[in-house]
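Reviewing the structure listed below.
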Amino acid sequence: MTSCFNGGAGWPEPVVRVQAVSDTCGDTIPDRYVKPLPERPSFSPAASDGGGGPSIPVVDLSMPDADATSRAVAAACREWGFFQAVNHGVRPELLRGARAAWRGFFQQPAEVRERYANSPATYEGYGSRLGTAKGGPLDWGDYYFLHLLPRCLKSHEKWPSLPCSLRIGRVTYMIDGCRETTEEYNEELVQLCRRVMRLLSSGLGLEPGRLQAAFGGEGGEGACLRVNFYPRCPQPELTLGVAAHSDPGGMTMLLVDDHVRGLQVRSPDGQWITVDPVPDAFIVNVGDQIQVLSNAAYKSVEHRVMVSSENRLSMAFFYNPRSDLPIAPMAELVTPDRPALYPEMTFDEYRVFIRQRGLAGKAQLESLQAKATAPGSSSSSSS
Ligand SMILES: O=C(O)CCC(=O)C(=O)O
């Protein structure tokens, strides 16, 4: 298994690729991946299995009535923090091309993948863990993380270079499929996120550009991509592909495998429900920064990932506020009846916690709320 280690690069111990573990572990997963009993997945049926249980709302973004669309998005984000966006305007061929390009990366030989091994300094590149605590629990998944916005953080050298040929008519061109597709995907997703931001802002009774302004305006926002690859697992009942967490950033647009389920979302009544993906939809969810800006009108909800006997790939596009802007509940949403629930903090300050400790449910947001609402706290509303 020597090819599954990378020699440290700032990690507290050698990093083992889950893909290599999956290929070599036989029928039993190593102890480091076994979750404590209360955290293990429940194989709750998806609504389409006939259980008729609750499911996250589906919102058609092509409805001609912008107010109705805004109301549907806002209702989903107030109640569930999640919805599936259909007819969102991003071409299905681009979605399939992006998934295929990234599957191509995870199918490369280990020595090619290892050229892009990441470190905890920026997390950019090929990784297999979050958090730097030695001996900490591990999730059953590898990933690739890269920065897209602001442009000064984007560095193509840190993206996989996978040249391939493309034949158009009689001419064959060489293209760098993964980089070119990811660029186009990025452009489209930024436009879609800006549109959903306007809908969210209107849904709070604010002027459509208000939420985007709190992110630093169009061109001021941040964006990054995390492509998750969950190799087949012989004991899926013991582990998770990603442990329960809420997303630290602003908003996430998740593109999942159409055929393999995995995502579970905490429902409003506290149950884990399995999402049944609508083909070519984006699963959109509110992150912690929008929960803070909306003074908890919109919920950043816990979710986690089950693994299975099949490989699964997902692409999480994280749309974030400018990282050095103070983020606090927007002044219009703070009243004597509903004081600011969170203190002011930049996204840079906020994510230090996650980068050191890994994903920990909603612990970060809850500890901030406890500080802001403690007697004598001076939390302000200045965003
Ligand atoms: O793979 C999934 O379905 C979800 C991934 C996720 O939650 C994440 O990358 O933060």
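Note on naming: chains are A, B, ... as they come in the structure tokens, residues start from 1 per chain, ligands start from 1 in the order shown.
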
So that each row is one residue of chain A with an atom at most 9 Å from ligand 1, can you give its shortest atom pair and the distance in Å to one decimal, using only C-alpha atoms and all ligand atoms, rows by chain and rising number, as a Markdown table?
| residue | atom | partner | partner_atom_place_in_ligand_line | distance |
| --- | --- | --- | --- | --- |
| A:Tyr143 | CA | ligand 1 | 9 (O) | 8.5 |
| A:Leu225 | CA | ligand 1 | 9 (O) | 8.7 |
| A:Arg226 | CA | ligand 1 | 9 (O) | 6.0 |
| A:Val227 | CA | ligand 1 | 9 (O) | 7.1 |
| A:Asn228 | CA | ligand 1 | 1 (O) | 6.1 |
| A:Phe229 | CA | ligand 1 | 1 (O) | 8.0 |
| A:Tyr230 | CA | ligand 1 | 1 (O) | 8.1 |
| A:Gly241 | CA | ligand 1 | 1 (O) | 7.4 |
| A:Val242 | CA | ligand 1 | 7 (O) | 6.5 |
| A:Ala243 | CA | ligand 1 | 7 (O) | 8.4 |
| A:Ala244 | CA | ligand 1 | 7 (O) | 8.2 |
| A:His245 | CA | ligand 1 | 7 (O) | 7.5 |
| A:Ser246 | CA | ligand 1 | 10 (O) | 7.8 |
| A:Asp247 | CA | ligand 1 | 10 (O) | 6.2 |
| A:Thr252 | CA | ligand 1 | 10 (O) | 8.2 |
| A:Leu254 | CA | ligand 1 | 4 (C) | 6.9 |
| A:Leu255 | CA | ligand 1 | 3 (O) | 7.8 |
| A:Val256 | CA | ligand 1 | 3 (O) | 6.0 |
| A:Asp257 | CA | ligand 1 | 3 (O) | 8.4 |
| A:Arg261 | CA | ligand 1 | 3 (O) | 7.9 |
| A:Gly262 | CA | ligand 1 | 3 (O) | 5.7 |
| A:Leu263 | CA | ligand 1 | 3 (O) | 4.2 |
| A:Gln264 | CA | ligand 1 | 3 (O) | 7.7 |
| A:Val275 | CA | ligand 1 | 3 (O) | 8.8 |
| A:Ile283 | CA | ligand 1 | 3 (O) | 8.8 |
| A:Glu302 | CA | ligand 1 | 7 (O) | 8.9 |
| A:His303 | CA | ligand 1 | 7 (O) | 6.3 |
| A:Arg304 | CA | ligand 1 | 7 (O) | 5.9 |
| A:Val305 | CA | ligand 1 | 2 (C) | 5.6 |
| A:Met306 | CA | ligand 1 | 3 (O) | 8.3 |
| A:Arg312 | CA | ligand 1 | 1 (O) | 7.9 |
| A:Leu313 | CA | ligand 1 | 1 (O) | 6.9 |
| A:Ser314 | CA | ligand 1 | 1 (O) | 4.8 |
| A:Met315 | CA | ligand 1 | 1 (O) | 7.0 |
| A:Ala316 | CA | ligand 1 | 9 (O) | 5.2 |
| A:Phe317 | CA | ligand 1 | 9 (O) | 8.4 |
| A:Phe318 | CA | ligand 1 | 10 (O) | 8.6 |

Residue contacts of Gly203 of chain A (12 Å, only C-alpha atoms) excluding same-chain residues fewer than 3 positions away, as a ChimeraX atom specification:
/A:66-78,196-200,206-211,294,297-298

Residues as selected, C-alpha atoms, written as an mmCIF file, in the first residue's frame, can you do that?
data_model
loop_
_atom_site.group_PDB
_atom_site.id
_atom_site.type_symbol
_atom_site.label_atom_id
_atom_site.label_comp_id
_atom_site.auth_asym_id
_atom_site.auth_seq_id
_atom_site.Cartn_x
_atom_site.Cartn_y
_atom_site.Cartn_z
ATOM 1 C CA ALA A 66 -40.220 35.953 -9.993
ATOM 2 C CA ASP A 67 -42.164 36.663 -6.780
ATOM 3 C CA ALA A 68 -43.548 33.131 -6.680
ATOM 4 C CA THR A 69 -40.039 31.739 -7.244
ATOM 5 C CA SER A 70 -38.641 33.910 -4.486
ATOM 6 C CA ARG A 71 -41.400 32.801 -2.103
ATOM 7 C CA ALA A 72 -40.769 29.122 -2.896
ATOM 8 C CA VAL A 73 -36.987 29.478 -2.381
ATOM 9 C CA ALA A 74 -37.454 31.438 0.836
ATOM 10 C CA ALA A 75 -40.001 28.972 2.258
ATOM 11 C CA ALA A 76 -37.625 26.057 1.554
ATOM 12 C CA CYS A 77 -34.680 27.865 3.160
ATOM 13 C CA ARG A 78 -36.666 28.915 6.237
ATOM 14 C CA VAL A 196 -30.458 32.618 -6.079
ATOM 15 C CA MET A 197 -28.959 35.336 -3.842
ATOM 16 C CA ARG A 198 -31.433 37.849 -5.336
ATOM 17 C CA LEU A 199 -34.314 35.434 -4.700
ATOM 18 C CA LEU A 200 -33.147 34.895 -1.103
ATOM 19 C CA LEU A 206 -35.141 43.197 1.278
ATOM 20 C CA GLU A 207 -34.044 44.841 -1.936
ATOM 21 C CA PRO A 208 -32.826 42.031 -4.326
ATOM 22 C CA GLY A 209 -29.153 43.120 -4.238
ATOM 23 C CA ARG A 210 -28.925 43.474 -0.445
ATOM 24 C CA LEU A 211 -27.646 39.993 0.425
ATOM 25 C CA SER A 294 -30.417 36.545 7.923
ATOM 26 C CA ALA A 297 -34.433 33.416 9.244
ATOM 27 C CA TYR A 298 -32.712 31.002 6.838
#

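Remark: for Val21 of chain A, the closest of the candidate residues A:Cys164, A:Thr274, A:Trp140, A:Val352 is A:Trp140 (distances computed over only C-alpha atoms).
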
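Minimum atom-to-atom distances from A:Met251, A:Ala9, A:Val90, A:Met345 to Ile290 of chain A were compared using only C-alpha atoms, and the lowest value belongs to A:Met251.
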
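Closest to Gly217 of chain A among A:Asp269, A:Ala121, A:Asn320, A:Cys178 is A:Asn320, based on only C-alpha atoms.
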
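One finds atom CA of Lys299 of chain A at 11.2 Å from atom CA of Gly250 of chain A.
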
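Nearest to Arg266 of chain A of all the residues A:Pro30, A:Pro57, A:Pro137, A:Gly81 is A:Gly81, based on only C-alpha atoms.
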
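You can rank A:Gln291, A:Ser309, A:Thr346, A:Gln84 by their closest distance to Glu366 of chain A using only C-alpha atoms, and at the top of that list sits A:Gln291.
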
Need the shell around Ser367 of chain A: protein/DNA/RNA residues with any atom at most 12 Å away, counting only C-alpha atoms. Skip same-chain ones fewer than 4 positions apart. Format as a PyMOL selection string?
chain A and resi 341-343+350+353+360-363+371-374

I want to know what sits within 7 Å of Val86 of chain A, based on only C-alpha atoms, with residues of the same chain fewer than 3 positions away left out; could you give that as a PyMOL selection string?
chain A and resi 59-61+281-282

Same residues, C-alpha atoms, output as a PDB file, in the first residue's frame:
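The file below, again_5.pdb, is the result:
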ATOM      1  CA  VAL A  59     -38.190  24.457  -6.796  1.00  0.00           C
ATOM      2  CA  ASP A  60     -38.563  25.176 -10.503  1.00  0.00           C
ATOM      3  CA  LEU A  61     -36.304  28.149 -11.225  1.00  0.00           C
ATOM      4  CA  ALA A 281     -30.917  19.187 -10.437  1.00  0.00           C
ATOM      5  CA  PHE A 282     -28.707  21.141  -8.059  1.00  0.00           C
TER       6      PHE A 282
END

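Nearest to Gly53 of chain A of all the residues A:Ile273, A:Leu368, A:Ala340, A:Ala328 is A:Ile273, based on only C-alpha atoms.
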
Using only C-alpha atoms, find each residue in segment 223-315 of chain A having at least one atom no more than 7 Å away from segment 35-42 of chain A; report its shortest atom-to-atom pair and that distance in Å (one decimal), rows by chain then rising number, as CSV.
residue,atom,partner,partner_atom,distance
A:Glu237,CA,A:Pro41,CA,6.2
A:Leu238,CA,A:Arg40,CA,5.7
A:Thr239,CA,A:Lys35,CA,5.3
A:Leu240,CA,A:Pro41,CA,6.9
A:Met306,CA,A:Pro41,CA,6.5

What residues in segment 54-240 of chain A get the DSSP label strand (DSSP E or B)? Please answer as a short mmCIF file (atom, residue, chain, number, x, y, z; two decimals) with N, CA and C atoms, in the first residue's frame.
data_model
loop_
_atom_site.label_atom_id
_atom_site.label_comp_id
_atom_site.auth_asym_id
_atom_site.auth_seq_id
_atom_site.Cartn_x
_atom_site.Cartn_y
_atom_site.Cartn_z
N VAL A 58 -38.68 20.77 -3.96
CA VAL A 58 -38.12 20.94 -5.31
C VAL A 58 -38.65 22.28 -5.82
N VAL A 59 -37.75 23.14 -6.31
CA VAL A 59 -38.19 24.46 -6.80
C VAL A 59 -37.80 24.60 -8.26
N ASP A 60 -38.78 24.97 -9.07
CA ASP A 60 -38.56 25.18 -10.50
C ASP A 60 -38.10 26.62 -10.71
N PHE A 82 -32.66 23.64 2.68
CA PHE A 82 -32.27 22.87 1.48
C PHE A 82 -33.39 22.89 0.47
N PHE A 83 -33.05 22.85 -0.81
CA PHE A 83 -34.06 22.54 -1.85
C PHE A 83 -33.33 21.99 -3.07
N GLN A 84 -34.08 21.33 -3.93
CA GLN A 84 -33.50 20.89 -5.21
C GLN A 84 -33.97 21.88 -6.26
N ALA A 85 -33.01 22.47 -6.97
CA ALA A 85 -33.34 23.45 -8.01
C ALA A 85 -33.39 22.73 -9.36
N VAL A 86 -34.56 22.78 -10.01
CA VAL A 86 -34.68 22.20 -11.35
C VAL A 86 -34.90 23.32 -12.36
N ALA A 117 -1.31 16.18 -4.27
CA ALA A 117 -1.63 15.99 -2.84
C ALA A 117 -1.68 17.34 -2.12
N GLY A 125 -6.11 20.97 -3.59
CA GLY A 125 -5.55 19.75 -4.18
C GLY A 125 -6.28 18.51 -3.71
N TYR A 126 -5.58 17.39 -3.85
CA TYR A 126 -6.14 16.07 -3.60
C TYR A 126 -5.99 15.75 -2.11
N GLY A 127 -7.10 15.46 -1.43
CA GLY A 127 -7.03 15.26 0.02
C GLY A 127 -7.88 14.10 0.47
N ASP A 142 -12.37 10.49 -0.38
CA ASP A 142 -11.28 11.36 -0.82
C ASP A 142 -11.93 12.57 -1.51
N TYR A 143 -11.15 13.62 -1.71
CA TYR A 143 -11.75 14.81 -2.34
C TYR A 143 -10.69 15.59 -3.10
N TYR A 144 -11.15 16.53 -3.88
CA TYR A 144 -10.26 17.50 -4.53
C TYR A 144 -10.85 18.88 -4.25
N PHE A 145 -10.02 19.75 -3.71
CA PHE A 145 -10.53 21.08 -3.32
C PHE A 145 -9.78 22.14 -4.11
N LEU A 146 -10.50 23.11 -4.66
CA LEU A 146 -9.80 24.20 -5.35
C LEU A 146 -10.55 25.52 -5.22
N HIS A 147 -9.75 26.60 -5.29
CA HIS A 147 -10.31 27.95 -5.22
C HIS A 147 -10.67 28.46 -6.60
N LEU A 148 -11.80 29.13 -6.70
CA LEU A 148 -12.24 29.69 -7.99
C LEU A 148 -12.30 31.22 -7.93
N LEU A 149 -12.80 31.75 -6.84
CA LEU A 149 -12.90 33.20 -6.64
C LEU A 149 -12.47 33.54 -5.23
N PRO A 163 -4.85 16.17 -20.17
CA PRO A 163 -5.11 16.44 -21.59
C PRO A 163 -5.86 15.27 -22.24
N CYS A 164 -6.78 15.60 -23.13
CA CYS A 164 -7.48 14.55 -23.87
C CYS A 164 -7.80 15.10 -25.26
N SER A 165 -8.16 14.21 -26.18
CA SER A 165 -8.44 14.69 -27.53
C SER A 165 -9.95 14.86 -27.72
N LEU A 166 -10.28 15.86 -28.52
CA LEU A 166 -11.69 16.14 -28.80
C LEU A 166 -11.82 16.25 -30.31
N ARG A 167 -12.69 15.42 -30.90
CA ARG A 167 -12.82 15.43 -32.36
C ARG A 167 -14.06 16.23 -32.74
N ILE A 168 -13.88 17.27 -33.57
CA ILE A 168 -15.02 18.02 -34.09
C ILE A 168 -14.93 17.94 -35.61
N VAL A 171 -11.49 17.40 -37.57
CA VAL A 171 -10.33 17.94 -36.84
C VAL A 171 -10.31 17.43 -35.40
N THR A 172 -9.13 17.01 -34.95
CA THR A 172 -9.00 16.57 -33.56
C THR A 172 -8.19 17.63 -32.80
N TYR A 173 -8.75 18.09 -31.71
CA TYR A 173 -8.08 19.10 -30.89
C TYR A 173 -7.60 18.43 -29.60
N MET A 174 -6.52 18.95 -29.04
CA MET A 174 -6.10 18.51 -27.69
C MET A 174 -6.66 19.55 -26.71
N ILE A 175 -7.38 19.09 -25.72
CA ILE A 175 -7.87 20.03 -24.71
C ILE A 175 -7.51 19.50 -23.31
N ASP A 176 -7.49 20.39 -22.35
CA ASP A 176 -7.26 19.96 -20.97
C ASP A 176 -8.64 19.85 -20.33
N GLY A 222 -16.49 35.08 -2.81
CA GLY A 222 -15.53 33.97 -2.93
C GLY A 222 -16.25 32.73 -3.43
N ALA A 223 -15.51 31.82 -4.04
CA ALA A 223 -16.11 30.54 -4.46
C ALA A 223 -15.03 29.47 -4.49
N CYS A 224 -15.38 28.29 -4.09
CA CYS A 224 -14.46 27.16 -4.21
C CYS A 224 -15.24 25.88 -4.50
N LEU A 225 -14.53 24.88 -4.94
CA LEU A 225 -15.16 23.64 -5.37
C LEU A 225 -14.52 22.49 -4.61
N ARG A 226 -15.40 21.61 -4.10
CA ARG A 226 -14.89 20.40 -3.46
C ARG A 226 -15.54 19.23 -4.20
N VAL A 227 -14.71 18.43 -4.87
CA VAL A 227 -15.23 17.26 -5.56
C VAL A 227 -14.97 16.07 -4.65
N ASN A 228 -16.04 15.40 -4.25
CA ASN A 228 -15.92 14.27 -3.32
C ASN A 228 -15.98 12.97 -4.10
N PHE A 229 -15.11 12.05 -3.75
CA PHE A 229 -15.17 10.71 -4.34
C PHE A 229 -15.24 9.71 -3.20
N TYR A 230 -16.36 8.98 -3.15
CA TYR A 230 -16.57 8.00 -2.08
C TYR A 230 -16.39 6.61 -2.70
#

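Reported to one decimal place, the separation of atom CA of Trp102 of chain A from atom CA of Asn311 of chain A is 13.0 Å.
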